[in-house]
Each structure stands twice: as C-alpha cells, then as structure tokens.
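What follows is a short report on a single structure.
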Amino acid sequence: MPELPEVEVTRRSFSDRIAGGEIQAVWLGKPLRWPLGCGLSSLVGQKVHAVRRRGKYLLLDLDRGLLLIHLGMSGSLVFAAELPPRGPHDHFELLTSQGHLRLHDPRRFGAVVFAESEQSAVAVKLLGRLGMEPLTEQFALAPFSRGLKLRRSAIKQVLLSGDLVVGVGNIYACEALFRAGIRPTVRAQRLSVARAARLHQSIREVLSRAVEQGGTTLRDFSSAMGESGHFQLEAAVYGRAGQPCSICGTPISQIRQGQRSTFFCQSCQRK
DNA sequence: ATTCTCACCTGCGGGC
DNA sequence: TGCCCGCAGGTGAGAA
C-alpha cells in the first residue's frame with residue numbers, strides 16, 4: 001500500500017496530535033517483520049516529541065531514542081483518543097496521554113523498531129542505504145542524473161530500489177514514467193540528461209499531487225484520521241491494463257519486471 | 001560491486 | 001457454491 005505519499009499523509013494526520021504525549025503503555029500483537037528491539041516497559045514514561053518521515057519510514061522521536069515504523073504492503077495507522085476494539089490484524093499500539101496509536105497490518109510486512117539513535121546499528125541498517133528525498137531540495141537534478149548513469153538496470157527498477165531516490169513505489173514509478181514519456185524497461189544509464197530532467201520533474205509532480213490528494217486508496221488505505229485518499233482517480237496507467245491511454249487511446253500494457261507489474265503506454269512511452 | 005530472486009503473510013478476485 | 005491459483009502498495013537477505 002504505502003508509498004511516500006501515503007506515509008506522508010499518515011504522518012501529517014497525527015504528528016501534531018501525538019506530539020508531547022507521554023507513553024503510558026505499549027501493546028504488541030503478532031510478530032511483525034522485525035522484533036521491536038527493546039522491552040515494552042523501557043518505552044513507558046517517555047514522551048513522543050515529533051513524527052518525521054524518511055523514505056517510507058516514520059520516525060517517532062522519543063526522550064531517549066526513536067521508533068521506526070514501516071507500513072510494509074498493507075499497513076495503516078490510526079490515532080484517536082479512543083480506539084475501537086482490536087481486530088485480528090491489529091498488531092501494535094502505543095497508548096499516550098495525547099491519544100492512542102494503532103498499527104493495522106493484515107500481511108505483517110510492516111515493522112516497529114526501536115533505535116537508540118539514528119546512528120545506532122539498527123537505524124543505519126534500515127535507513128543507511130536510502131537515497132534522496134524527492135520532495136526536498138536534496139533531490140537535485142545533477143546527482144539524480146549522475147546516479148542514473150551508474151545503473152544498468154531498467155529505469156523502473158532503479159526508481160523502486162530506493163537507493164537513488166526514496167519513496168517511489170510501484171504505483172508512482174509507473175505514473176512518473178508515464179508522465180515523463182519514458183519506457184519502464186529502458187536502462188537507466190541510457191537516459192539523456194534532458195530525459196532525466198523530465199523524469200526528475202515528473203517524480204516531484206506525481207508525489208506532491210498524490211500527497212495533496214490524500215494518497216492512493218486501492219483497497220483500504222486511510223490516514224491516521226481515517227480519511228481515504230483520492231489519487232487513484234488520477235492514475236493514468238497503474239491498474240489500467242487494456243484501458244485506453246488518456247493521451248492517445250492506445251490500450252495500456254501490463255508487463256512483469258522483477259516480479260512486479262508494470263503498466264505503461266507503448267505509444268506515449270516509446271523509449 | 002551491482003543485479004537478481006526469494007521470502008515474509010493474508011486476503012481477494014477470477015476461472016473452473 | 002466452493003476450491004485453487006495468481007496477484008497485491010515493500011524490501012532485506014542471500015545468491016549469482
């Protein structure tokens with residue numbers, strides 16, 4: 001589910017409300033992708049100071065250390081003064097004086113991990129390889145273009161890998177490549193600077209527009225306020241195999257790249 | 001070193 | 001109606 005826009009929309013939907021809250025209790029359900037990495041009681045009494053985002057990770061700053069939260073493929077957070085009764089797919093709760101945060105994650109590819117600092121081994125393992133943040137000044141054309149030149153893989157795979165630019169998942173990779181008129185299978189290193197510039201711009205546009213729209217709700221994503229996203233209504237290619245391209249009418253193609261579906265227009269994305 | 005495949009887990013929709 | 005298969009928003013680990 002959650003790519004950068006969904007994670008950012010989630011962050012904004014509870015960051016201010018949880019800030020300053022003191023942790024009163026922590027509850028863990030079924031195992032997630034990784035163990036929490038600390039005792040539950042060591043978190044109790046600490047305050048949550050802020051919620052930041054790095055790539056698709058949420059970082060909850062505590063008095064001592066931070067919690068890294070990843071939503072995996074099917075995760076979502078809810079934050080409210082009172083939570084409804086737990087369901088079978090609720091696996092983590094942070095009860096604070098400001099309200100209760102709950103992770104709902106049917107597939108349990110998500111994770112909540114404690115790190116003593118961003119320099120700690122576990123934080124570096126998870127965050128260390130991450131590339132540029134696409135919605136900040138850090139995401140400049142020159143390093144992006146230079147990075148592409150070093151990669152022989154298909155451009156779609158490079159976008160998904162997250163080591164050049166973070167936050168672009170399967171939906172937004174397809175959408176950004178469509179907007180840039182670039183075929184997903186072309187080798188990254190074969191893109192000219194001009195075409196890299198177009199892609200650079202498309203990534204920024206698609207991601208910021210998706211954030212504006214509250215993210216993409218395909219199945220059940222919603223913000224921590226319970227609000228669904230609307231970007232799926234603007235998707236030009238993702239999930240639209242066989243439907244006419246909005247630009248030229250050519251039926252949208254679906255192929256497999258690295259065990260993932262790729263959607264594109266053969267006519268608008270020639271190379 | 002980069003690149004590729006697999007694994008993790010559950011639910012859902014399509015075809016038979 | 002029910003079963004089986006493939007597929008789904010991510011990404012670290014390990015192999016090639």
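Following the order of the structure tokens, first chain is A, next is B, and so on, with residues numbered from 1 inside each chain and ligands from 1 in the order they appear.
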Legend entry - Who sits within 10 Å of DC7 of chain C, only C-alpha atoms (C1' of nucleotides), same chain under 4 positions skipped, as a PyMOL selection string: (chain A and resi 260-261) or (chain B and resi 12-13)
Legend entry - Expected answer as number ranges by chain: chain C residues within 10 Å of chain A, only C-alpha atoms (C1' of nucleotides): C: 7-12
Test item: chain A residues at most 10 Å from chain B, counting only C-alpha atoms (C1' of nucleotides), as a compact mmCIF listing (two decimals) with N, CA and C atoms, in the first residue's frame:
# COMPACT_ATOMS: atom_id res chain seq x y z
N LEU A 32 5.74 -8.79 13.82
CA LEU A 32 5.83 -8.05 12.57
C LEU A 32 7.12 -8.47 11.87
N ARG A 33 7.57 -7.67 10.93
CA ARG A 33 8.74 -8.10 10.17
C ARG A 33 9.99 -8.25 11.02
N SER A 74 0.69 -3.53 3.55
CA SER A 74 -0.74 -3.46 3.90
C SER A 74 -1.00 -2.73 5.20
N HIS A 89 -6.09 -8.10 12.91
CA HIS A 89 -4.93 -7.59 12.19
C HIS A 89 -4.32 -6.35 12.83
N ASP A 105 -2.23 -4.11 10.22
CA ASP A 105 -1.39 -4.61 9.12
C ASP A 105 -1.66 -6.08 8.82
N PRO A 106 -2.63 -6.37 7.97
CA PRO A 106 -3.01 -7.76 7.69
C PRO A 106 -1.84 -8.66 7.27
N ARG A 107 -0.96 -8.16 6.41
CA ARG A 107 0.11 -9.04 5.92
C ARG A 107 1.32 -9.06 6.82
N ARG A 108 1.40 -8.14 7.73
CA ARG A 108 2.51 -8.06 8.69
C ARG A 108 3.89 -7.96 8.03
N PHE A 109 3.95 -7.25 6.90
CA PHE A 109 5.25 -6.91 6.33
C PHE A 109 5.78 -5.63 6.97
N LEU A 150 25.05 5.49 -13.59
CA LEU A 150 25.80 4.38 -12.98
C LEU A 150 25.02 3.08 -12.94
N ARG A 151 23.76 3.13 -13.35
CA ARG A 151 22.92 1.95 -13.21
C ARG A 151 22.57 1.34 -14.56
N ARG A 152 22.80 0.04 -14.67
CA ARG A 152 22.48 -0.66 -15.91
C ARG A 152 21.05 -1.21 -15.91
N SER A 153 20.42 -1.27 -14.74
CA SER A 153 19.10 -1.87 -14.63
C SER A 153 18.04 -1.01 -15.33
N GLY A 258 10.81 -7.82 -12.52
CA GLY A 258 11.23 -8.20 -11.18
C GLY A 258 10.07 -8.58 -10.28
N GLN A 259 9.22 -9.44 -10.77
CA GLN A 259 8.06 -9.96 -10.01
C GLN A 259 7.01 -8.90 -9.68
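Using only C-alpha atoms for every distance, the candidate list A:Pro244, A:Pro143, A:Gly226, A:Pro84 yields A:Gly226 as the residue closest to Gly214 of chain A.
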Looking only at alpha helix (DSSP H) from DSSP on the backbone, list the matching residues of segment 81-250 of chain A as a CSV table (one decimal) with N, CA, C and O atoms, in the first residue's frame.
chain,number,residue,atom,x,y,z
A,121,ALA,N,23.2,0.9,15.2
A,121,ALA,CA,23.3,-0.1,14.2
A,121,ALA,C,22.0,-0.4,13.5
A,121,ALA,O,22.0,-0.5,12.2
A,122,VAL,N,21.0,-0.5,14.2
A,122,VAL,CA,19.7,-0.9,13.6
A,122,VAL,C,19.1,0.2,12.7
A,122,VAL,O,18.6,-0.1,11.6
A,123,ALA,N,19.3,1.4,13.2
A,123,ALA,CA,18.8,2.5,12.3
A,123,ALA,C,19.6,2.7,11.1
A,123,ALA,O,19.1,2.9,10.0
A,124,VAL,N,20.9,2.5,11.2
A,124,VAL,CA,21.8,2.6,10.0
A,124,VAL,C,21.4,1.4,9.0
A,124,VAL,O,21.4,1.6,7.8
A,125,LYS,N,21.2,0.2,9.6
A,125,LYS,CA,20.8,-0.9,8.7
A,125,LYS,C,19.6,-0.6,7.9
A,125,LYS,O,19.5,-0.9,6.7
A,126,LEU,N,18.6,0.0,8.5
A,126,LEU,CA,17.3,0.3,7.9
A,126,LEU,C,17.3,1.6,7.0
A,126,LEU,O,16.7,1.6,6.0
A,127,LEU,N,18.0,2.6,7.5
A,127,LEU,CA,17.9,3.9,6.8
A,127,LEU,C,19.2,4.2,6.0
A,127,LEU,O,19.1,5.1,5.2
A,141,LEU,N,18.7,17.7,-9.7
A,141,LEU,CA,18.8,17.0,-11.0
A,141,LEU,C,20.2,16.4,-11.2
A,141,LEU,O,20.3,15.3,-11.6
A,142,ALA,N,21.3,17.2,-10.9
A,142,ALA,CA,22.6,16.7,-11.2
A,142,ALA,C,22.9,15.3,-10.5
A,142,ALA,O,23.3,14.4,-11.2
A,143,PRO,N,22.7,15.2,-9.2
A,143,PRO,CA,23.0,13.9,-8.6
A,143,PRO,C,22.1,12.8,-9.1
A,143,PRO,O,22.5,11.6,-9.2
A,144,PHE,N,20.9,13.2,-9.4
A,144,PHE,CA,19.9,12.2,-9.9
A,144,PHE,C,20.4,11.7,-11.3
A,144,PHE,O,20.5,10.4,-11.5
A,145,SER,N,20.7,12.6,-12.2
A,145,SER,CA,21.2,12.2,-13.5
A,145,SER,C,22.5,11.4,-13.4
A,145,SER,O,22.7,10.4,-14.1
A,146,ARG,N,23.4,11.9,-12.6
A,146,ARG,CA,24.6,11.1,-12.4
A,146,ARG,C,24.4,9.7,-11.9
A,146,ARG,O,25.0,8.8,-12.3
A,147,GLY,N,23.5,9.6,-10.9
A,147,GLY,CA,23.2,8.3,-10.4
A,147,GLY,C,22.6,7.3,-11.4
A,147,GLY,O,22.9,6.1,-11.5
A,148,LEU,N,21.8,7.9,-12.3
A,148,LEU,CA,21.2,7.1,-13.3
A,148,LEU,C,22.3,6.5,-14.3
A,148,LEU,O,22.2,5.3,-14.7
A,149,LYS,N,23.3,7.3,-14.5
A,149,LYS,CA,24.3,6.9,-15.4
A,149,LYS,C,25.1,5.7,-14.9
A,149,LYS,O,25.7,5.0,-15.7
A,155,ILE,N,15.0,1.4,-15.8
A,155,ILE,CA,14.8,2.6,-15.0
A,155,ILE,C,13.7,2.4,-13.9
A,155,ILE,O,13.8,2.9,-12.8
A,156,LYS,N,12.7,1.6,-14.3
A,156,LYS,CA,11.7,1.3,-13.3
A,156,LYS,C,12.2,0.7,-12.0
A,156,LYS,O,11.9,1.0,-10.9
A,157,GLN,N,13.2,-0.3,-12.2
A,157,GLN,CA,13.8,-1.0,-11.1
A,157,GLN,C,14.6,0.0,-10.3
A,157,GLN,O,14.7,-0.1,-9.1
A,158,VAL,N,15.3,0.9,-11.0
A,158,VAL,CA,16.2,1.8,-10.3
A,158,VAL,C,15.3,2.7,-9.4
A,158,VAL,O,15.7,3.0,-8.2
A,159,LEU,N,14.2,3.2,-9.9
A,159,LEU,CA,13.3,4.0,-9.1
A,159,LEU,C,12.8,3.2,-7.9
A,159,LEU,O,12.7,3.8,-6.8
A,160,LEU,N,12.4,2.0,-8.1
A,160,LEU,CA,11.9,1.2,-7.0
A,160,LEU,C,13.0,0.8,-5.9
A,160,LEU,O,12.7,0.6,-4.8
A,161,SER,N,14.2,0.8,-6.3
A,161,SER,CA,15.3,0.3,-5.4
A,161,SER,C,15.4,1.2,-4.2
A,161,SER,O,15.9,0.8,-3.2
A,170,ASN,N,5.6,1.1,-6.5
A,170,ASN,CA,5.1,0.6,-7.8
A,170,ASN,C,4.1,1.5,-8.5
A,170,ASN,O,4.2,1.7,-9.7
A,171,ILE,N,3.2,2.1,-7.8
A,171,ILE,CA,2.2,2.9,-8.4
A,171,ILE,C,2.9,4.2,-9.0
A,171,ILE,O,2.7,4.5,-10.2
A,172,TYR,N,3.6,4.9,-8.1
A,172,TYR,CA,4.2,6.2,-8.5
A,172,TYR,C,5.3,6.0,-9.5
A,172,TYR,O,5.6,7.0,-10.3
A,173,ALA,N,6.0,4.9,-9.5
A,173,ALA,CA,7.0,4.7,-10.5
A,173,ALA,C,6.4,4.6,-11.9
A,173,ALA,O,6.8,5.3,-12.9
A,174,CYS,N,5.3,3.8,-12.0
A,174,CYS,CA,4.6,3.7,-13.3
A,174,CYS,C,4.0,5.1,-13.7
A,174,CYS,O,4.1,5.5,-14.9
A,175,GLU,N,3.4,5.8,-12.8
A,175,GLU,CA,2.8,7.1,-13.1
A,175,GLU,C,3.9,8.1,-13.5
A,175,GLU,O,3.7,8.9,-14.4
A,176,ALA,N,5.0,8.2,-12.8
A,176,ALA,CA,6.0,9.2,-13.1
A,176,ALA,C,6.6,8.9,-14.5
A,176,ALA,O,6.9,9.8,-15.3
A,177,LEU,N,6.8,7.6,-14.8
A,177,LEU,CA,7.4,7.2,-16.1
A,177,LEU,C,6.5,7.6,-17.2
A,177,LEU,O,6.9,8.0,-18.3
A,178,PHE,N,5.2,7.4,-17.0
A,178,PHE,CA,4.2,7.7,-18.0
A,178,PHE,C,4.2,9.2,-18.2
A,178,PHE,O,4.3,9.7,-19.4
A,179,ARG,N,4.2,10.0,-17.2
A,179,ARG,CA,4.2,11.5,-17.3
A,179,ARG,C,5.5,12.0,-18.0
A,179,ARG,O,5.4,13.0,-18.7
A,180,ALA,N,6.6,11.2,-17.8
A,180,ALA,CA,7.8,11.6,-18.5
A,180,ALA,C,8.0,11.1,-19.9
A,180,ALA,O,8.9,11.4,-20.6
A,193,VAL,N,20.4,13.5,-20.2
A,193,VAL,CA,20.2,14.5,-19.1
A,193,VAL,C,18.8,15.1,-19.3
A,193,VAL,O,18.1,15.4,-18.3
A,194,ALA,N,18.5,15.4,-20.5
A,194,ALA,CA,17.2,16.1,-20.8
A,194,ALA,C,16.0,15.2,-20.3
A,194,ALA,O,15.1,15.7,-19.7
A,195,ARG,N,16.2,13.9,-20.6
A,195,ARG,CA,15.1,13.0,-20.2
A,195,ARG,C,15.1,12.7,-18.7
A,195,ARG,O,14.1,12.5,-18.1
A,196,ALA,N,16.3,12.7,-18.2
A,196,ALA,CA,16.4,12.5,-16.7
A,196,ALA,C,15.7,13.7,-16.0
A,196,ALA,O,15.1,13.6,-15.0
A,197,ALA,N,15.9,14.9,-16.6
A,197,ALA,CA,15.3,16.1,-16.1
A,197,ALA,C,13.8,16.0,-16.1
A,197,ALA,O,13.1,16.4,-15.2
A,198,ARG,N,13.3,15.5,-17.2
A,198,ARG,CA,11.8,15.3,-17.3
A,198,ARG,C,11.3,14.3,-16.3
A,198,ARG,O,10.3,14.5,-15.6
A,199,LEU,N,12.0,13.3,-16.0
A,199,LEU,CA,11.7,12.3,-15.0
A,199,LEU,C,11.7,12.9,-13.6
A,199,LEU,O,10.9,12.6,-12.8
A,200,HIS,N,12.8,13.6,-13.4
A,200,HIS,CA,13.0,14.2,-12.1
A,200,HIS,C,11.8,15.1,-11.8
A,200,HIS,O,11.2,15.1,-10.7
A,201,GLN,N,11.4,15.9,-12.8
A,201,GLN,CA,10.2,16.8,-12.6
A,201,GLN,C,8.9,15.9,-12.4
A,201,GLN,O,8.1,16.3,-11.5
A,202,SER,N,8.8,14.9,-13.2
A,202,SER,CA,7.6,14.0,-13.1
A,202,SER,C,7.4,13.4,-11.7
A,202,SER,O,6.3,13.3,-11.1
A,203,ILE,N,8.6,12.9,-11.2
A,203,ILE,CA,8.5,12.3,-9.8
A,203,ILE,C,8.0,13.3,-8.8
A,203,ILE,O,7.2,13.0,-8.0
A,204,ARG,N,8.6,14.5,-8.9
A,204,ARG,CA,8.2,15.6,-7.9
A,204,ARG,C,6.7,15.9,-8.1
A,204,ARG,O,6.0,16.0,-7.1
A,205,GLU,N,6.3,16.0,-9.3
A,205,GLU,CA,4.9,16.4,-9.5
A,205,GLU,C,3.9,15.3,-9.1
A,205,GLU,O,2.9,15.6,-8.4
A,206,VAL,N,4.2,14.0,-9.5
A,206,VAL,CA,3.3,12.9,-9.1
A,206,VAL,C,3.2,12.8,-7.6
A,206,VAL,O,2.1,12.6,-7.1
A,207,LEU,N,4.4,12.8,-6.9
A,207,LEU,CA,4.3,12.6,-5.5
A,207,LEU,C,3.6,13.8,-4.8
A,207,LEU,O,2.9,13.5,-3.8
A,208,SER,N,3.9,15.0,-5.2
A,208,SER,CA,3.3,16.1,-4.5
A,208,SER,C,1.8,16.1,-4.8
A,208,SER,O,1.0,16.4,-3.9
A,209,ARG,N,1.4,15.8,-6.0
A,209,ARG,CA,0.0,15.8,-6.3
A,209,ARG,C,-0.7,14.7,-5.5
A,209,ARG,O,-1.8,14.9,-4.9
A,210,ALA,N,0.0,13.5,-5.3
A,210,ALA,CA,-0.6,12.4,-4.6
A,210,ALA,C,-0.8,12.8,-3.1
A,210,ALA,O,-1.8,12.5,-2.4
A,211,VAL,N,0.2,13.5,-2.5
A,211,VAL,CA,0.1,14.0,-1.2
A,211,VAL,C,-1.1,14.9,-1.0
A,211,VAL,O,-2.0,14.8,-0.1
A,212,GLU,N,-1.3,15.8,-2.0
A,212,GLU,CA,-2.4,16.8,-2.0
A,212,GLU,C,-3.7,16.0,-2.0
A,212,GLU,O,-4.7,16.4,-1.4
Inset, instruction - Among the residues of segment 91-221 of chain A, find those DSSP assigns to strand (DSSP E or B) from the backbone and print them as a PyMOL selection string. - result: chain A and resi 91-96+99-104+111-115+132+154+165+187
Inset, instruction - For segment 90-102 of chain A, work out the shell of residues within 7 Å, counting only C-alpha atoms (C1' of nucleotides) and skipping chain neighbours fewer than 4 positions away, then give it as number ranges by chain. - result: A: 17-18, 21-30, 77-83, 86
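For the pair atom CA of Glu8 of chain A and atom CA of Asp61 of chain A, the separation is 15.9 Å.
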